[in-house]
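Just entry36.tsv here, TSV, C-alpha atoms:
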```
chain	number	residue	atom	x	y	z
D	1	MET	CA	0.00	0.00	0.00
D	2	THR	CA	1.10	3.56	-0.71
D	3	GLU	CA	1.09	6.12	2.05
D	4	LYS	CA	-2.22	7.96	2.34
D	5	ARG	CA	-2.40	11.76	2.20
D	6	ASN	CA	-2.24	13.32	5.68
D	7	ILE	CA	-4.24	16.41	4.78
D	8	PRO	CA	-7.07	15.77	2.30
D	9	GLU	CA	-7.14	17.71	-0.93
D	10	LEU	CA	-10.05	20.13	-1.26
D	11	LEU	CA	-11.40	19.76	-4.81
D	12	ALA	CA	-13.75	22.44	-6.12
D	13	PRO	CA	-16.01	22.46	-9.21
D	14	ALA	CA	-15.83	24.91	-12.09
D	15	GLY	CA	-18.56	24.87	-14.70
D	16	ASP	CA	-17.03	27.75	-16.63
D	17	ARG	CA	-14.13	30.19	-16.66
D	18	GLU	CA	-15.62	32.53	-14.06
D	19	ALA	CA	-16.25	29.69	-11.64
D	20	PHE	CA	-12.74	28.34	-12.26
D	21	LEU	CA	-11.18	31.66	-11.29
D	22	ALA	CA	-13.44	31.91	-8.24
D	23	ALA	CA	-12.44	28.43	-7.05
D	24	VAL	CA	-8.74	29.25	-7.36
D	25	ALA	CA	-9.20	32.57	-5.58
D	26	ALA	CA	-11.17	30.92	-2.76
D	27	GLY	CA	-8.31	28.59	-1.91
D	28	ALA	CA	-9.13	25.25	-3.52
D	29	ASP	CA	-6.27	22.76	-3.67
D	30	ALA	CA	-7.55	21.53	-7.04
D	31	VAL	CA	-10.26	22.42	-9.54
D	32	TYR	CA	-12.18	20.05	-11.79
D	33	SER	CA	-13.89	21.21	-14.95
D	34	GLY	CA	-15.20	19.80	-18.19
D	35	GLY	CA	-14.59	21.06	-21.66
D	36	THR	CA	-17.25	21.95	-24.17
D	37	GLY	CA	-18.68	19.01	-26.09
D	38	GLN	CA	-19.98	15.52	-25.42
D	39	LEU	CA	-17.37	14.26	-22.95
D	40	ASN	CA	-18.67	16.41	-20.12
D	41	ALA	CA	-21.31	15.04	-17.72
D	42	ARG	CA	-22.48	18.62	-17.22
D	43	ARG	CA	-22.94	19.64	-20.84
D	44	ARG	CA	-25.44	22.33	-19.86
D	45	ALA	CA	-22.72	24.09	-17.90
D	46	GLY	CA	-20.65	26.47	-19.97
D	47	GLY	CA	-17.51	24.36	-19.77
D	48	ILE	CA	-13.97	25.47	-20.51
D	49	VAL	CA	-13.30	26.42	-24.11
D	50	PRO	CA	-10.33	24.34	-25.38
D	51	GLY	CA	-8.31	27.46	-26.19
D	52	GLU	CA	-8.68	28.68	-22.59
D	53	LEU	CA	-7.50	25.56	-20.82
D	54	ALA	CA	-3.75	26.16	-21.18
D	55	GLU	CA	-4.08	29.70	-19.83
D	56	LEU	CA	-6.21	28.58	-16.88
D	57	CYS	CA	-3.85	25.70	-16.09
D	58	GLY	CA	-0.93	28.11	-16.06
D	59	LEU	CA	-2.79	30.48	-13.75
D	60	ALA	CA	-3.77	27.67	-11.40
D	61	HIS	CA	-0.33	26.10	-11.34
D	62	GLY	CA	1.19	29.47	-10.52
D	63	ARG	CA	-0.86	29.39	-7.32
D	64	GLY	CA	-0.16	25.75	-6.51
D	65	VAL	CA	-3.59	24.57	-7.63
D	66	ARG	CA	-4.02	21.37	-9.65
D	67	VAL	CA	-6.43	21.06	-12.58
D	68	TYR	CA	-8.48	17.98	-13.44
D	69	VAL	CA	-10.43	17.66	-16.69
D	70	THR	CA	-13.58	15.55	-16.66
D	71	MET	CA	-14.39	12.93	-19.27
D	72	ASN	CA	-17.12	11.45	-17.11
D	73	VAL	CA	-19.65	10.09	-19.60
D	74	VAL	CA	-20.26	6.81	-21.38
D	75	VAL	CA	-18.44	6.92	-24.73
D	76	LYS	CA	-19.74	5.14	-27.81
D	77	GLN	CA	-17.45	2.97	-29.92
D	78	ALA	CA	-17.49	5.44	-32.80
D	79	GLU	CA	-16.43	8.23	-30.41
D	80	LEU	CA	-13.51	6.42	-28.79
D	81	ALA	CA	-10.75	7.72	-31.06
D	82	ASP	CA	-11.97	11.30	-30.66
D	83	ALA	CA	-12.12	10.83	-26.88
D	84	VAL	CA	-8.48	9.70	-26.78
D	85	GLU	CA	-7.49	12.69	-28.90
D	86	ALA	CA	-9.38	15.01	-26.55
D	87	ALA	CA	-7.54	13.47	-23.61
D	88	GLY	CA	-4.24	14.19	-25.34
D	89	ARG	CA	-5.19	17.82	-25.93
D	90	ALA	CA	-6.16	18.29	-22.29
D	91	LEU	CA	-2.90	16.79	-21.08
D	92	ALA	CA	-0.90	18.91	-23.52
D	93	ALA	CA	-2.67	22.02	-22.24
D	94	GLY	CA	-1.44	21.27	-18.74
D	95	ALA	CA	-4.20	19.25	-17.08
D	96	ASP	CA	-2.79	17.38	-14.10
D	97	ALA	CA	-5.25	14.50	-14.35
D	98	LEU	CA	-8.27	13.22	-16.26
D	99	ILE	CA	-11.46	12.13	-14.50
D	100	ILE	CA	-12.92	9.24	-16.49
D	101	GLN	CA	-16.12	7.21	-16.12
D	102	ASP	CA	-15.90	4.74	-19.01
D	103	LEU	CA	-13.40	1.97	-18.21
D	104	GLY	CA	-12.86	1.31	-21.92
D	105	VAL	CA	-11.83	4.94	-22.35
D	106	LEU	CA	-9.57	4.62	-19.31
D	107	ALA	CA	-7.79	1.63	-20.84
D	108	SER	CA	-7.40	3.38	-24.20
D	109	VAL	CA	-6.10	6.60	-22.65
D	110	ARG	CA	-3.65	4.65	-20.52
D	111	GLN	CA	-2.34	2.87	-23.63
D	112	ALA	CA	-1.98	6.12	-25.57
D	113	PHE	CA	-0.57	8.17	-22.68
D	114	PRO	CA	1.19	5.82	-20.24
D	115	GLU	CA	2.34	8.63	-17.94
D	116	ALA	CA	-1.07	10.32	-17.64
D	117	GLU	CA	-2.63	10.61	-14.19
D	118	ILE	CA	-6.11	9.12	-14.32
D	119	HIS	CA	-8.89	9.38	-11.74
D	120	VAL	CA	-12.02	7.23	-11.93
D	121	SER	CA	-15.25	9.22	-11.77
D	122	THR	CA	-18.00	8.58	-9.23
D	123	GLN	CA	-20.13	7.89	-12.32
D	124	ALA	CA	-18.31	4.56	-12.64
D	125	ASN	CA	-20.18	3.43	-9.50
D	126	VAL	CA	-17.16	1.98	-7.73
D	127	HIS	CA	-18.49	0.94	-4.34
D	128	ASP	CA	-16.21	-1.79	-3.01
D	129	ALA	CA	-12.57	-2.84	-2.76
D	130	ARG	CA	-12.85	-5.18	-5.75
D	131	GLY	CA	-13.88	-2.27	-7.97
D	132	VAL	CA	-11.06	-0.09	-6.69
D	133	LEU	CA	-8.53	-2.86	-7.28
D	134	LEU	CA	-9.78	-3.26	-10.86
D	135	CYS	CA	-9.31	0.49	-11.41
D	136	GLU	CA	-5.78	0.19	-10.03
D	137	GLU	CA	-5.03	-2.63	-12.47
D	138	LEU	CA	-6.23	-0.42	-15.33
D	139	GLY	CA	-3.82	2.31	-14.23
D	140	ALA	CA	-5.93	4.71	-12.17
D	141	SER	CA	-4.20	6.43	-9.26
D	142	ARG	CA	-7.40	7.76	-7.66
D	143	VAL	CA	-10.98	6.52	-7.42
D	144	THR	CA	-13.95	8.71	-6.57
D	145	LEU	CA	-16.16	6.38	-4.57
D	146	SER	CA	-19.92	6.12	-4.99
D	147	ARG	CA	-21.69	8.76	-2.93
D	148	GLU	CA	-23.89	6.19	-1.18
D	149	LEU	CA	-21.11	4.64	0.92
D	150	PRO	CA	-21.09	4.99	4.71
D	151	LEU	CA	-17.93	5.74	6.63
D	152	THR	CA	-17.47	2.12	7.67
D	153	GLU	CA	-17.35	0.91	4.06
D	154	ILE	CA	-14.98	3.70	3.01
D	155	ALA	CA	-12.64	2.67	5.83
D	156	SER	CA	-12.83	-0.98	4.83
D	157	ILE	CA	-12.00	-0.17	1.21
D	158	ALA	CA	-9.06	2.00	2.28
D	159	THR	CA	-7.48	-0.88	4.20
D	160	GLU	CA	-7.62	-3.20	1.18
D	161	THR	CA	-6.47	-0.86	-1.59
D	162	SER	CA	-3.57	1.46	-2.35
D	163	SER	CA	-5.01	4.14	-4.66
D	164	GLU	CA	-6.17	7.50	-3.38
D	165	LEU	CA	-9.84	7.55	-2.41
D	166	GLU	CA	-11.89	10.64	-3.21
D	167	VAL	CA	-15.29	11.25	-1.60
D	168	PHE	CA	-17.99	13.83	-2.17
D	169	SER	CA	-18.12	16.03	0.92
D	170	HIS	CA	-20.76	18.56	-0.07
D	171	GLY	CA	-23.55	18.73	-2.63
D	172	ALA	CA	-26.43	16.86	-4.20
D	173	ILE	CA	-26.95	13.14	-3.66
D	174	CYS	CA	-28.42	11.08	-6.50
D	175	PRO	CA	-31.42	8.98	-5.36
D	176	SER	CA	-30.12	6.18	-7.59
D	177	TYR	CA	-26.66	4.60	-7.70
D	178	SER	CA	-24.04	6.89	-9.20
D	179	GLY	CA	-23.78	6.50	-12.95
D	180	VAL	CA	-26.56	3.96	-13.43
D	181	CYS	CA	-29.74	6.06	-13.10
D	182	MET	CA	-31.96	5.93	-16.19
D	183	LEU	CA	-34.92	7.96	-14.90
D	184	SER	CA	-34.11	11.01	-17.01
D	185	SER	CA	-33.73	8.86	-20.14
D	186	PHE	CA	-37.10	7.22	-19.55
D	187	LEU	CA	-38.95	10.51	-18.98
D	188	ARG	CA	-37.22	12.73	-21.52
D	189	GLU	CA	-35.99	11.22	-24.77
D	190	GLY	CA	-32.39	12.15	-25.48
D	191	ARG	CA	-31.71	13.37	-21.92
D	192	SER	CA	-29.37	10.62	-20.73
D	193	PRO	CA	-27.62	11.33	-17.41
D	194	ASN	CA	-24.76	9.17	-18.65
D	195	ARG	CA	-24.27	11.43	-21.65
D	196	GLY	CA	-24.20	14.72	-19.75
D	197	LEU	CA	-27.83	15.72	-20.29
D	198	CYS	CA	-29.68	14.71	-17.12
D	199	ALA	CA	-33.03	16.51	-16.87
D	200	GLN	CA	-32.92	15.97	-13.07
D	201	PRO	CA	-36.53	14.76	-12.75
D	202	CYS	CA	-35.70	13.68	-9.20
D	203	ARG	CA	-35.66	17.36	-8.21
D	204	LEU	CA	-39.26	18.01	-9.29
D	205	PRO	CA	-42.45	17.96	-7.16
D	206	TYR	CA	-44.82	15.05	-7.75
D	207	GLU	CA	-48.41	14.25	-6.76
D	208	VAL	CA	-49.57	10.86	-5.55
D	209	LEU	CA	-52.98	9.80	-6.89
D	210	ASP	CA	-55.30	7.13	-5.54
D	211	ALA	CA	-57.24	4.65	-7.68
D	212	SER	CA	-59.94	7.23	-8.40
D	213	GLY	CA	-57.45	9.84	-9.53
D	214	GLN	CA	-57.72	11.98	-6.43
D	215	VAL	CA	-54.60	13.58	-4.99
D	216	VAL	CA	-53.33	11.92	-1.81
D	217	PRO	CA	-51.86	14.54	0.54
D	218	THR	CA	-48.15	13.99	1.23
D	219	PRO	CA	-47.12	16.84	3.53
D	220	GLY	CA	-43.40	17.39	3.41
D	221	ARG	CA	-42.93	14.72	0.75
D	222	GLU	CA	-43.86	16.64	-2.38
D	223	ARG	CA	-40.33	16.09	-3.68
D	224	ALA	CA	-40.01	12.50	-2.53
D	225	LEU	CA	-37.22	11.64	-5.00
D	226	CYS	CA	-35.05	14.58	-4.00
D	227	PRO	CA	-32.84	13.81	-1.00
D	228	ARG	CA	-31.25	16.47	1.12
D	229	ASP	CA	-27.87	17.70	-0.05
D	230	ASN	CA	-24.90	16.05	1.56
D	231	CYS	CA	-22.86	18.18	3.97
D	232	THR	CA	-20.00	16.55	5.86
D	233	ILE	CA	-18.61	19.59	7.64
D	234	ASP	CA	-19.11	17.84	10.99
D	235	LEU	CA	-17.68	14.55	9.72
D	236	LEU	CA	-14.31	15.71	8.40
D	237	PRO	CA	-12.22	14.02	11.12
D	238	GLN	CA	-14.08	10.75	10.55
D	239	LEU	CA	-13.63	10.99	6.78
D	240	LEU	CA	-9.91	11.54	7.21
D	241	ARG	CA	-9.60	8.60	9.58
D	242	ALA	CA	-11.59	6.46	7.14
D	243	GLY	CA	-8.99	7.10	4.45
D	244	ALA	CA	-10.38	9.91	2.30
D	245	CYS	CA	-7.51	11.57	0.45
D	246	ALA	CA	-9.62	14.13	-1.39
D	247	LEU	CA	-12.83	15.94	-0.45
D	248	LYS	CA	-14.89	16.84	-3.49
D	249	LEU	CA	-17.44	19.62	-3.69
D	250	GLU	CA	-20.32	19.09	-6.11
D	251	GLY	CA	-21.59	21.93	-8.28
D	252	ARG	CA	-20.44	22.47	-11.86
D	253	MET	CA	-23.94	23.74	-12.66
D	254	LYS	CA	-23.63	26.46	-10.00
D	255	ALA	CA	-22.57	30.03	-10.70
D	256	ALA	CA	-19.23	31.37	-9.52
D	257	ASP	CA	-20.69	33.08	-6.46
```

Serialized structure, structure tokens:
Amino acid sequence: MTEKRNIPELLAPAGDREAFLAAVAAGADAVYSGGTGQLNARRRAGGIVPGELAELCGLAHGRGVRVYVTMNVVVKQAELADAVEAAGRALAAGADALIIQDLGVLASVRQAFPEAEIHVSTQANVHDARGVLLCEELGASRVTLSRELPLTEIASIATETSSELEVFSHGAICPSYSGVCMLSSFLREGRSPNRGLCAQPCRLPYEVLDASGQVVPTPGRERALCPRDNCTIDLLPQLLRAGACALKLEGRMKAAD
């Protein structure tokens, strides 16, 4: 096993240039952001224009901040070559690591760029030590664990694996398992959450009807599919003891402020 990080990295989201600059100014240890196009799980966010990435990486590096570029969607066979090329452009622009969901893409990127630092996205739904070990075999140095895991399971995984473990420490929790929810696809054609276009139907209010079509009152449960946001501010010592090496903030759809 490699030595775990003593002080966890604070990883902040950046949906666009303005948010990127705000995250750096606010003191993040690292910033993660997607580019424009189909490889970004938050395609409705502005994203970082390819021509801006090198400049932003230089600015961040000058302040000791690392930059991770997301490729956290399922990639079709016909898109694989373009995805590998996009990975190369991000690395050439100065990205410190790539965050990848699709394990086929991970293997292809590792073959094309053996020295690249690769992190596995929470969208890959890695929830046990076996999954983390598989990611290690494929060449990943960090795995972002599924958001559903309790502290006891995070700690158990940390004792059996050597890669860095990243956990979400603040933000929305998906009511399904990370990366495998199909609700948006079923309700809105073309709005796949695994292709960066989730319509977030879990956030909407719903009515419950009885057999006669009458509304059944559900006080306080009008948004039954929308769980409370996760906030671990009071659990930071426990997360560190459990083996979390990076604390990730959710929010690439949020404005800079």

* To do: Tell me which protein, DNA and RNA residues are within 10 Å of Ser169 (chain D), counting only C-alpha atoms, leaving out same-chain ones fewer than 3 positions away, and put them as a ChimeraX atom specification.
  => /D:10-11,147,166,172,229-233,235-236,239,244,246-250

* 12 Å contact set for Pro150 (chain D), all atoms listed in the file, chain neighbours under 5 positions out, as a ChimeraX atom specification -> /D:127-128,145,155-157,167-168,232,235,238-239,242

* Give the answer as one residue: which of D:Leu134, D:Leu59, D:Val84, D:Ala26 has the shortest atom-to-atom distance to Gln111 (chain D), using all atoms listed in the file? =>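 Nearest to Gln111 (chain D): D:Val84.
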
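Of the residues under consideration (D:Val67, D:Ala158, D:Ile7, D:Ile48), D:Val67 shows the shortest atom-to-atom contact distance to Leu91 (chain D) when counting only C-alpha atoms.
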
* To do: Would you mind telling me which residue in D:Ile154, D:Ala28, D:Ala12, D:Ile100 lies nearest to Leu240 (chain D) when using all atoms listed in the file?
  =>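 The answer is D:Ile154, which sits nearest to Leu240 (chain D).
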
Pick out the residues sitting within 9 Å of Glu148 (chain D), and hand them over as an mmCIF file with C-alpha atoms, keeping the file's coordinate frame; count all atoms listed in the file, and ignore anything fewer than 6 positions along from it in its own chain.
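What landed in selection21.cif:
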```
data_model
loop_
_atom_site.group_PDB
_atom_site.id
_atom_site.type_symbol
_atom_site.label_atom_id
_atom_site.label_comp_id
_atom_site.auth_asym_id
_atom_site.auth_seq_id
_atom_site.Cartn_x
_atom_site.Cartn_y
_atom_site.Cartn_z
ATOM 1 C CA HIS D 127 -18.490 0.940 -4.340
ATOM 2 C CA ILE D 173 -26.950 13.140 -3.660
ATOM 3 C CA CYS D 174 -28.420 11.080 -6.500
ATOM 4 C CA SER D 176 -30.120 6.180 -7.590
ATOM 5 C CA TYR D 177 -26.660 4.600 -7.700
ATOM 6 C CA SER D 178 -24.040 6.890 -9.200
#
```

* For Gly51 (chain D), which residue among D:Lys76, D:Arg17, D:Arg188, D:Arg228 is the nearest when counting all atoms listed in the file? -> D:Arg17

* To do: Scan for residues within 6 Å of the point (-11.5, 10.7, -22.4) in the coordinates of the file, using only C-alpha atoms, and reply as a PyMOL selection string.
  => chain D and resi 71+83-84+87+105

* Calculate how many Å separate CA of Ala224 (chain D) from CA of Ala14 (chain D), rounding to one decimal. => 28.8 Å

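When CA of Thr122 (chain D) is paired with CA of Gly15 (chain D), their separation reads 17.2 Å.
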
* Two-atom distance - CA of Leu80 (chain D), CA of Ser185 (chain D) (Å) ->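 Interatomic distance, CA of Leu80 (chain D) to CA of Ser185 (chain D): 22.1 Å.
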
* Any idea what's packed within 7 Å of Ala129 (chain D), counting only C-alpha atoms, ignoring anything in its chain fewer than 3 positions away? Could you give it as a PyMOL selection string? -> chain D and resi 132-133+157+160-161

Residues near Asn194 (chain D), anyone? I mean within 8 Å using all atoms listed in the file, not counting same-chain ones fewer than 6 positions away, as a PDB file with C-alpha atoms, in the coordinates of the input.
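And here's out19.pdb as it stands now:
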```pdb
ATOM      1  CA  ALA D  41     -21.310  15.040 -17.720  1.00  0.00           C
ATOM      2  CA  VAL D  73     -19.650  10.090 -19.600  1.00  0.00           C
ATOM      3  CA  VAL D  74     -20.260   6.810 -21.380  1.00  0.00           C
ATOM      4  CA  GLN D 123     -20.130   7.890 -12.320  1.00  0.00           C
ATOM      5  CA  GLY D 179     -23.780   6.500 -12.950  1.00  0.00           C
ATOM      6  CA  VAL D 180     -26.560   3.960 -13.430  1.00  0.00           C
TER       7      VAL D 180
END
```
